[in-house]
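Source file work-v6.txt; content: compact mmCIF, C-alpha atoms.
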```txt
# COMPACT_ATOMS: atom_id res chain seq x y z
CA MET A 1 -4.25 -9.45 4.88
CA ILE A 2 -0.57 -8.69 4.27
CA ARG A 3 1.24 -8.38 7.57
CA ARG A 4 4.90 -8.19 8.67
CA SER A 5 6.07 -11.63 7.58
CA ALA A 6 4.60 -11.14 4.12
CA LEU A 7 6.21 -7.70 3.71
CA TRP A 8 9.72 -9.02 4.22
CA ALA A 9 8.89 -12.14 2.19
CA VAL A 10 9.12 -9.82 -0.83
CA ALA A 11 12.84 -10.53 -0.62
CA ALA A 12 12.04 -14.18 -1.22
CA GLY A 13 9.48 -13.46 -3.93
CA LEU A 14 6.49 -14.53 -1.82
CA ILE A 15 3.47 -12.39 -0.94
CA ALA A 16 0.38 -13.75 0.80
CA LEU A 17 -2.92 -12.81 -0.82
CA ALA A 18 -6.52 -13.44 0.08
CA SER A 19 -8.81 -14.67 -2.67
CA SER A 20 -12.08 -13.96 -4.44
CA CYS A 21 -13.78 -10.56 -4.70
CA GLY A 22 -15.71 -8.50 -7.21
CA GLY A 23 -17.81 -5.38 -7.73
CA SER A 24 -20.16 -3.49 -10.01
CA SER A 25 -19.28 -1.48 -13.10
CA ASN A 26 -20.67 2.07 -12.83
CA ALA A 27 -17.82 3.98 -11.18
CA VAL A 28 -17.34 7.71 -11.49
CA VAL A 29 -13.73 8.02 -12.68
CA SER A 30 -11.26 10.89 -12.86
CA SER A 31 -8.05 11.21 -14.85
CA ARG A 32 -5.70 10.63 -11.88
CA LEU A 33 -2.73 8.28 -12.08
CA ILE A 34 -2.59 4.80 -10.55
CA ALA A 35 0.62 2.81 -10.17
CA PHE A 36 0.41 -0.93 -9.56
CA SER A 37 2.44 -4.16 -9.64
CA SER A 38 1.84 -6.91 -12.18
CA ASP A 39 3.35 -10.05 -13.69
CA ARG A 40 1.59 -9.45 -17.02
CA GLY A 41 4.92 -9.22 -18.80
CA LEU A 42 5.67 -12.88 -18.06
CA PRO A 43 4.23 -15.99 -19.75
CA PRO A 44 0.77 -16.97 -18.43
CA ARG A 45 0.60 -19.43 -15.56
CA SER A 46 -2.08 -21.74 -14.24
CA GLU A 47 -5.26 -20.11 -12.95
CA ALA A 48 -4.75 -22.15 -9.78
CA GLU A 49 -1.74 -19.96 -8.93
CA ASP A 50 -2.38 -16.51 -7.49
CA PHE A 51 0.47 -14.74 -9.32
CA ASP A 52 3.96 -15.24 -10.63
CA THR A 53 6.45 -15.10 -7.76
CA ARG A 54 9.38 -14.79 -10.17
CA ARG A 55 8.88 -11.11 -10.85
CA LEU A 56 6.50 -8.21 -10.48
CA ASP A 57 7.05 -5.03 -12.51
CA LEU A 58 5.52 -1.60 -12.01
CA TYR A 59 2.85 -0.21 -14.32
CA LEU A 60 1.04 3.10 -14.58
CA MET A 61 -2.50 3.81 -15.80
CA ASP A 62 -5.22 6.42 -15.72
CA ALA A 63 -7.91 6.04 -13.06
CA ASP A 64 -10.35 4.64 -15.63
CA GLY A 65 -7.94 1.79 -16.42
CA SER A 66 -6.81 3.24 -19.75
CA ASN A 67 -3.33 4.13 -21.04
CA VAL A 68 -1.51 1.32 -19.23
CA GLU A 69 2.26 1.87 -19.35
CA ARG A 70 5.06 -0.34 -18.09
CA LEU A 71 7.47 1.49 -15.77
CA THR A 72 10.04 -1.14 -14.82
CA ARG A 73 11.43 -4.08 -16.75
CA ASN A 74 13.87 -6.29 -14.87
CA ALA A 75 14.34 -9.64 -13.14
CA LEU A 76 13.51 -8.17 -9.73
CA THR A 77 10.31 -7.74 -7.70
CA ASP A 78 8.84 -4.20 -7.62
CA VAL A 79 5.85 -3.69 -5.30
CA PHE A 80 3.93 -1.23 -3.11
CA PRO A 81 4.17 1.86 -5.38
CA ALA A 82 3.26 5.31 -4.06
CA VAL A 83 2.67 8.22 -6.45
CA SER A 84 3.87 11.65 -5.31
CA HIS A 85 1.21 14.32 -5.03
CA ASP A 86 2.61 16.24 -7.98
CA GLY A 87 2.40 13.07 -10.11
CA ARG A 88 6.08 13.24 -11.08
CA ARG A 89 7.60 10.41 -9.02
CA VAL A 90 6.74 6.93 -7.83
CA ALA A 91 8.36 5.48 -4.71
CA PHE A 92 8.28 1.70 -4.41
CA THR A 93 9.78 -1.38 -2.75
CA ARG A 94 12.27 -3.51 -4.69
CA ASP A 95 13.73 -6.89 -3.75
CA ILE A 96 17.47 -6.60 -4.39
CA HIS A 97 20.44 -8.61 -3.06
CA GLY A 98 18.22 -10.43 -0.59
CA TYR A 99 16.62 -7.36 0.99
CA ALA A 100 13.64 -5.13 0.33
CA GLN A 101 14.72 -1.50 -0.31
CA VAL A 102 13.00 1.79 -1.13
CA PHE A 103 13.47 3.16 -4.66
CA VAL A 104 12.07 6.15 -6.57
CA ILE A 105 11.43 6.42 -10.30
CA ASP A 106 11.13 9.85 -11.90
CA LEU A 107 8.24 9.72 -14.40
CA ARG A 108 9.73 12.52 -16.49
CA ASP A 109 12.93 10.73 -17.53
CA ARG A 110 12.38 7.23 -16.03
CA THR A 111 15.53 7.39 -13.93
CA VAL A 112 15.50 5.03 -10.94
CA ARG A 113 17.29 5.76 -7.68
CA MET A 114 17.82 3.56 -4.62
CA LEU A 115 17.15 5.47 -1.38
CA THR A 116 17.81 2.92 1.37
CA HIS A 117 21.00 0.87 1.60
CA ALA A 118 21.05 -0.76 5.04
CA ARG A 119 21.58 -4.52 5.21
CA ALA A 120 17.97 -4.80 6.35
CA ASN A 121 14.50 -4.68 4.85
CA SER A 122 12.91 -1.30 4.15
CA GLY A 123 9.68 -0.72 2.24
CA LEU A 124 6.05 0.46 2.07
CA PRO A 125 7.02 4.06 1.17
CA ALA A 126 4.55 6.93 1.56
CA TRP A 127 5.01 10.49 0.25
CA SER A 128 4.40 13.51 2.45
CA PRO A 129 1.80 15.92 1.02
CA ASP A 130 4.50 18.42 -0.04
CA GLY A 131 6.66 15.71 -1.64
CA ARG A 132 9.69 16.53 0.49
CA LEU A 133 9.63 13.47 2.77
CA ILE A 134 9.03 9.73 2.50
CA ALA A 135 7.87 7.57 5.39
CA PHE A 136 8.67 3.85 5.31
CA ALA A 137 8.81 0.72 7.46
CA THR A 138 12.05 -1.10 8.27
CA ASP A 139 13.43 -3.97 10.34
CA ARG A 140 16.93 -2.43 10.56
CA ASN A 141 16.69 -2.28 14.36
CA ALA A 142 16.39 -6.06 14.77
CA PRO A 143 16.10 -7.81 17.16
CA GLY A 144 13.81 -4.93 18.01
CA GLY A 145 10.47 -4.80 16.23
CA ASP A 146 9.83 -3.21 12.82
CA VAL A 147 9.53 0.56 13.04
CA ILE A 148 8.53 3.60 10.98
CA TYR A 149 11.23 5.89 9.63
CA VAL A 150 11.06 9.19 7.72
CA MET A 151 13.66 10.44 5.22
CA ASN A 152 14.10 13.26 2.75
CA ALA A 153 12.90 12.56 -0.79
CA ASP A 154 16.51 12.01 -1.92
CA GLY A 155 17.12 9.39 0.79
CA SER A 156 19.10 11.64 3.13
CA GLY A 157 18.24 12.47 6.74
CA GLN A 158 16.79 9.08 7.69
CA ARG A 159 15.35 9.20 11.20
CA GLN A 160 13.28 6.91 13.38
CA VAL A 161 9.70 7.83 14.32
CA THR A 162 8.34 4.84 16.27
CA HIS A 163 10.15 2.65 18.81
CA ASN A 164 9.29 -0.97 19.56
CA LEU A 165 10.08 -4.11 21.49
CA PRO A 166 10.92 -7.30 19.54
CA SER A 167 7.31 -8.53 19.63
CA VAL A 168 5.82 -5.31 18.21
CA ASN A 169 5.96 -4.36 14.51
CA ASP A 170 4.89 -1.13 12.79
CA ALA A 171 4.15 -0.84 9.06
CA TRP A 172 1.96 0.81 6.37
CA PRO A 173 2.58 4.51 7.14
CA SER A 174 0.35 7.18 5.58
CA TRP A 175 0.51 10.95 6.04
CA ALA A 176 -2.01 13.36 7.49
CA PRO A 177 -2.81 16.15 4.98
CA ASP A 178 -0.97 18.74 7.10
CA GLY A 179 2.21 16.60 7.06
CA LYS A 180 2.50 16.68 10.85
CA ARG A 181 1.31 13.18 11.73
CA LEU A 182 1.38 9.63 10.41
CA VAL A 183 -1.19 6.88 10.60
CA PHE A 184 0.18 3.32 10.63
CA ALA A 185 -0.60 -0.28 11.60
CA ARG A 186 0.94 -1.85 14.70
CA GLU A 187 1.02 -5.63 14.99
CA THR A 188 1.51 -7.41 18.31
CA GLY A 189 0.94 -10.94 19.49
CA ALA A 190 -2.58 -9.87 20.38
CA GLY A 191 -3.48 -8.61 16.89
CA SER A 192 -3.14 -5.57 14.65
CA ALA A 193 -4.54 -2.06 15.18
CA ILE A 194 -4.36 1.43 13.64
CA TYR A 195 -2.40 4.20 15.39
CA THR A 196 -1.38 7.80 14.75
CA VAL A 197 1.85 9.48 15.82
CA GLY A 198 3.68 12.78 15.43
CA LEU A 199 6.85 12.95 13.32
CA ALA A 200 8.96 13.22 16.46
CA GLY A 201 7.37 10.06 17.85
CA ASP A 202 5.11 12.10 20.11
CA GLY A 203 1.37 11.86 20.68
CA LEU A 204 0.99 8.14 19.96
CA LYS A 205 -2.73 7.31 19.81
CA ARG A 206 -4.53 4.04 19.18
CA LEU A 207 -7.58 4.38 16.93
CA THR A 208 -9.02 0.85 16.58
CA ARG A 209 -9.73 -1.55 19.46
CA ASP A 210 -12.04 -4.22 18.04
CA VAL A 211 -10.59 -7.48 19.40
CA SER A 212 -12.48 -9.49 16.76
CA SER A 213 -10.66 -7.85 13.84
CA LEU A 214 -7.12 -7.28 12.56
CA ASP A 215 -6.81 -3.71 11.25
CA THR A 216 -4.00 -2.70 8.88
CA GLN A 217 -2.99 -0.81 5.70
CA PRO A 218 -4.39 2.64 6.67
CA SER A 219 -4.64 5.49 4.16
CA TRP A 220 -5.46 9.07 5.23
CA SER A 221 -7.86 10.97 2.96
CA PRO A 222 -6.59 14.20 1.31
CA ASP A 223 -9.15 16.31 3.20
CA GLY A 224 -8.16 14.72 6.51
CA LYS A 225 -11.70 13.66 7.38
CA GLU A 226 -11.37 9.89 6.96
CA ILE A 227 -8.89 7.03 7.19
CA ALA A 228 -9.51 4.04 4.95
CA PHE A 229 -8.00 0.71 6.04
CA GLU A 230 -8.20 -3.04 5.64
CA SER A 231 -9.75 -5.15 8.38
CA ASP A 232 -9.81 -8.92 8.73
CA VAL A 233 -12.95 -9.68 10.71
CA PHE A 234 -13.07 -13.13 12.31
CA MET A 235 -13.64 -15.91 9.74
CA LEU A 236 -14.24 -13.41 6.88
CA PRO A 237 -11.92 -12.29 4.06
CA GLY A 238 -10.26 -8.90 4.51
CA GLN A 239 -12.37 -5.86 3.62
CA ILE A 240 -12.00 -2.10 3.20
CA PHE A 241 -13.36 0.05 6.03
CA ALA A 242 -13.21 3.77 6.78
CA MET A 243 -13.39 5.82 9.98
CA ARG A 244 -12.82 9.30 11.31
CA PRO A 245 -9.24 10.21 12.32
CA ASP A 246 -10.26 9.84 15.97
CA GLY A 247 -11.34 6.23 15.39
CA THR A 248 -15.09 6.86 15.51
CA ARG A 249 -17.76 6.11 12.89
CA ARG A 250 -16.12 2.94 11.60
CA HIS A 251 -18.02 1.69 8.55
CA GLN A 252 -17.51 -0.99 5.92
CA LEU A 253 -17.07 -0.13 2.23
CA THR A 254 -16.66 -3.53 0.53
CA ASP A 255 -18.69 -6.76 0.69
CA PRO A 256 -17.13 -9.95 2.14
CA GLU A 257 -19.55 -12.10 0.14
CA LEU A 258 -17.74 -10.92 -3.01
CA GLY A 259 -14.32 -11.85 -1.67
CA ALA A 260 -11.21 -10.16 -0.28
CA SER A 261 -10.26 -6.49 -0.66
CA SER A 262 -7.14 -4.70 0.59
CA ARG A 263 -4.52 -1.98 0.02
CA PRO A 264 -6.82 1.11 -0.12
CA SER A 265 -5.33 4.30 -1.59
CA TRP A 266 -7.08 7.67 -2.02
CA SER A 267 -7.05 9.64 -5.25
CA SER A 268 -5.48 13.09 -4.84
CA ASP A 269 -8.91 14.77 -5.02
CA GLY A 270 -10.36 12.48 -2.33
CA LYS A 271 -13.25 11.34 -4.49
CA LEU A 272 -12.05 7.79 -5.18
CA ILE A 273 -10.44 4.90 -3.33
CA VAL A 274 -8.28 2.53 -5.36
CA PHE A 275 -7.81 -0.98 -3.96
CA MET A 276 -6.97 -4.58 -4.89
CA SER A 277 -9.47 -7.44 -4.91
CA SER A 278 -9.36 -11.12 -5.77
CA ARG A 279 -11.95 -13.21 -7.61
CA ASP A 280 -11.70 -16.69 -9.14
CA HIS A 281 -7.98 -16.84 -8.36
CA HIS A 282 -7.35 -13.55 -10.17
CA THR A 283 -6.22 -10.44 -8.30
CA ASP A 284 -6.91 -7.08 -9.95
CA VAL A 285 -6.99 -3.34 -9.30
CA TRP A 286 -10.39 -1.83 -8.55
CA VAL A 287 -11.73 1.65 -7.82
CA MET A 288 -14.79 2.91 -5.96
CA ASN A 289 -16.30 6.16 -4.82
CA ALA A 290 -15.24 7.34 -1.35
CA ASP A 291 -18.51 6.03 0.12
CA GLY A 292 -17.93 2.54 -1.30
CA SER A 293 -20.43 2.88 -4.14
CA HIS A 294 -19.93 2.13 -7.85
CA GLN A 295 -17.05 -0.32 -7.67
CA LEU A 296 -15.25 -0.81 -10.98
CA GLN A 297 -12.62 -3.36 -12.03
CA LEU A 298 -9.74 -1.60 -13.80
CA THR A 299 -7.42 -4.48 -14.76
CA ARG A 300 -8.36 -7.88 -16.19
CA ASN A 301 -7.08 -10.82 -18.20
CA HIS A 302 -3.42 -10.03 -17.64
CA GLY A 303 -2.34 -12.18 -14.69
CA PHE A 304 -1.80 -10.62 -11.27
CA ALA A 305 -2.34 -6.87 -10.79
CA GLY A 306 -2.29 -5.39 -7.31
CA PHE A 307 -0.72 -3.21 -4.60
CA PRO A 308 -2.10 -0.02 -6.22
CA GLY A 309 -1.07 3.47 -5.26
CA ALA A 310 -3.19 6.41 -6.43
CA GLY A 311 -1.96 9.87 -7.27
```
Will you turn the file into C-alpha cells for me?
Amino acid sequence: MIRRSALWAVAAGLIALASSCGGSSNAVVSSRLIAFSSDRGLPPRSEAEDFDTRRLDLYLMDADGSNVERLTRNALTDVFPAVSHDGRRVAFTRDIHGYAQVFVIDLRDRTVRMLTHARANSGLPAWSPDGRLIAFATDRNAPGGDVIYVMNADGSGQRQVTHNLPSVNDAWPSWAPDGKRLVFARETGAGSAIYTVGLAGDGLKRLTRDVSSLDTQPSWSPDGKEIAFESDVFMLPGQIFAMRPDGTRRHQLTDPELGASSRPSWSSDGKLIVFMSSRDHHTDVWVMNADGSHQLQLTRNHGFAGFPGAG
C-alpha cells in the first residue's frame, strides 16, 4: 500500500510498492484512455529492482493496451495521472525543486502547466465530473496533518476541505458523480479508513471500520453505486475491494494468492476498473470488469508501469 510517507517520498524519487500479482487474459475492453507512469524510456535495470527511481515519465494508451504514447520526457518524476472526463487533459504529480506539485498537460497541444506553487508537497489530483475543479492532497499546513484541498482547473481558488491534527493525514481524493462530495483515505496512528465529505468540509462520514485492514486509494464509480479501493488485510498483500457508498456490501475483486494490487481507477463508462499489480518483481497496468472478472495485463516487458488513471 502507498500511504502518506510514500506520497511525499516522490520528491526523493522513492515510492514503496508491494510485489507479485497476476490475472487472466479474457477482458472485455473499451476504447477509453489510460494514463500511467513508467521508466520504460530509461536503460533496463536488474529484475531484482522494482523500478527505476531516477525518473518516471507519463504515458497514454487505449484501454486494450494499444497505441502507447509518451506524454512527458524530462529528468523529473511524473506520477499519479488523472484523465479529465472529456479526455482532453491529464493532471498529475511532479517532483520539482524538492517538492511534489500538481501539474496539468493538455493533450491537444501538449502544453504543461504547474498549478500548485507552495513550498510544500501537493499531489494525487482528481478531476471533478464537470472538469472545472481538481481535488488534491497537501501537507502545506504542517505541522498539522495532510489535508484535502480543491482548486479551479487553472489552479486558482485553492481552498481547504478537510482539517486535521498533526497525527491525522488525508489523501487519495475522488469525486462523487454529482460533484458535491469527495471520498478519501484518512490515516491515523490506529490505521487507515475510507471517508466521505462535502466540499465545504461538512457531513464527514466514515465508511470502513475493519480494524484488521488498512483501507486507502478510493475511487468512486461514474454511476455512483460503488467505491473501489485498496485494502491491506493483515499479513496479505494489498488487494482491490469495492463497496456501496454507505460502506455496506464490501467485497473483494482481486486474489491475494496472485500478489499485490492497488490504485483502482474506473473507466468513464463504469464498465472497467484499471489498476496496478506486481508479479515476479515487475509492476504493470491491468484492467478488469467492474465485478473483478476477466483480468487482463495491459503493459509488459518495459520496466515499471503503474499508477494508472482511466478516462
Quick one: everything within 9 Å of Phe234 in chain A, counting only C-alpha atoms, minus sequence neighbours fewer than 2 positions away in the same chain. Send it as a list in words.
->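 The contact residues come out as Ser212, Ser213, Leu214, Asp232, Leu236 and Pro237 of chain A.
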Give me, please, the distance in Å between CA of Leu58 in chain A and CA of Gln252 in chain A, quoted to one decimal.
-> 29.2 Å
Report the distance between CA of Glu257 in chain A and CA of Val285 in chain A in Å, rounded to one decimal place.
-> 18.0 Å
Selected residue, from A:Asp202, A:Asp64, A:Asp178, A:Asp57, that lies nearest to Leu296 in chain A when counting all atoms listed in the file =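 Nearest to Leu296 in chain A: A:Asp64.
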Rounded to one decimal place, report the CA of Glu187 in chain A-CA of Phe241 in chain A distance in Å.
->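 Answer for the CA of Glu187 in chain A to CA of Phe241 in chain A separation: 17.9 Å.
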Find the residue from A:Gly238, A:Leu204, A:Ser278, A:Trp172 that sits nearest to Pro218 in chain A; use all atoms listed in the file when measuring.
->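 Result for the nearest residue to Pro218 in chain A: A:Trp172.
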Which is closest to Gln297 in chain A among A:Arg119, A:His97, A:Arg140, A:Arg279, if we use all atoms listed in the file?
->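 Residue with the minimum atom-to-atom distance to Gln297 in chain A: A:Arg279.
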Skipping near chain neighbours, those fewer than 4 positions away, what residues fall within 12 Å of Leu165 in chain A using all atoms listed in the file, listed as a list in words?
->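 Listed by chain and then number, they are Asp139, Asn141, Ala142, Pro143, Gly144, Gly145, Asp146, Val147, Asn169, Asp170, Arg186, Glu187, Thr188 and Gly189 of chain A.
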Mind writing the picked residues with C-alpha atoms as a tab-separated table (two decimals), in the coordinates of the input?
```tsv
chain	number	residue	atom	x	y	z
A	139	ASP	CA	13.43	-3.97	10.34
A	141	ASN	CA	16.69	-2.28	14.36
A	142	ALA	CA	16.39	-6.06	14.77
A	143	PRO	CA	16.10	-7.81	17.16
A	144	GLY	CA	13.81	-4.93	18.01
A	145	GLY	CA	10.47	-4.80	16.23
A	146	ASP	CA	9.83	-3.21	12.82
A	147	VAL	CA	9.53	0.56	13.04
A	169	ASN	CA	5.96	-4.36	14.51
A	170	ASP	CA	4.89	-1.13	12.79
A	186	ARG	CA	0.94	-1.85	14.70
A	187	GLU	CA	1.02	-5.63	14.99
A	188	THR	CA	1.51	-7.41	18.31
A	189	GLY	CA	0.94	-10.94	19.49
```
Return the single residue from A:Ile227, A:Leu56, A:Val161, A:Ala82 that is closest to Ile34 in chain A, with distances computed using only C-alpha atoms.
->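 Checking each of A:Ile227, A:Leu56, A:Val161, A:Ala82 against Ile34 in chain A, counting only C-alpha atoms, the winner is A:Ala82.
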Given the choices A:Gly309, A:Pro43, A:Gly179, A:Gly155, which gets closest to Pro264 in chain A if the distance is worked out from only C-alpha atoms?
->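 Nearest candidate to Pro264 in chain A out of A:Gly309, A:Pro43, A:Gly179, A:Gly155: A:Gly309.
Distances here use all atoms listed in the file; by that measure, the residue among A:Ala126, A:Ala35, A:Leu258, A:Ile194 closest to Glu230 in chain A is A:Ile194.
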Neighbours of point (2.2, 7.7, 12.0) within 12 Å, using only C-alpha atoms, written as a PyMOL selection string = chain A and resi 126+128+134-137+147-150+160-163+170-176+179-186+194-207+217-220+245
Counting all atoms listed in the file, select every polymer residue within 9 Å of (0.7, 4.5, -3.2) as defined in the file's coordinates, and provide the selection as number ranges by chain.
-> A: 34-36, 80-84, 90-92, 124-127, 263-266, 307-311
Taking a cut-off of 7 Å and counting only C-alpha atoms, can you build a table that, for each residue of range 117-156 of chain A near range 99-102 of chain A, reports the nearest atom pair and how far apart they are in Å (one decimal), sorted by chain then residue number, as a tab-separated table?
```
residue	atom	partner	partner_atom	distance
A:His117	CA	A:Gln101	CA	7.0
A:Ala120	CA	A:Tyr99	CA	6.1
A:Asn121	CA	A:Ala100	CA	4.6
A:Ser122	CA	A:Gln101	CA	4.8
A:Gly123	CA	A:Val102	CA	5.4
A:Pro125	CA	A:Val102	CA	6.8
```
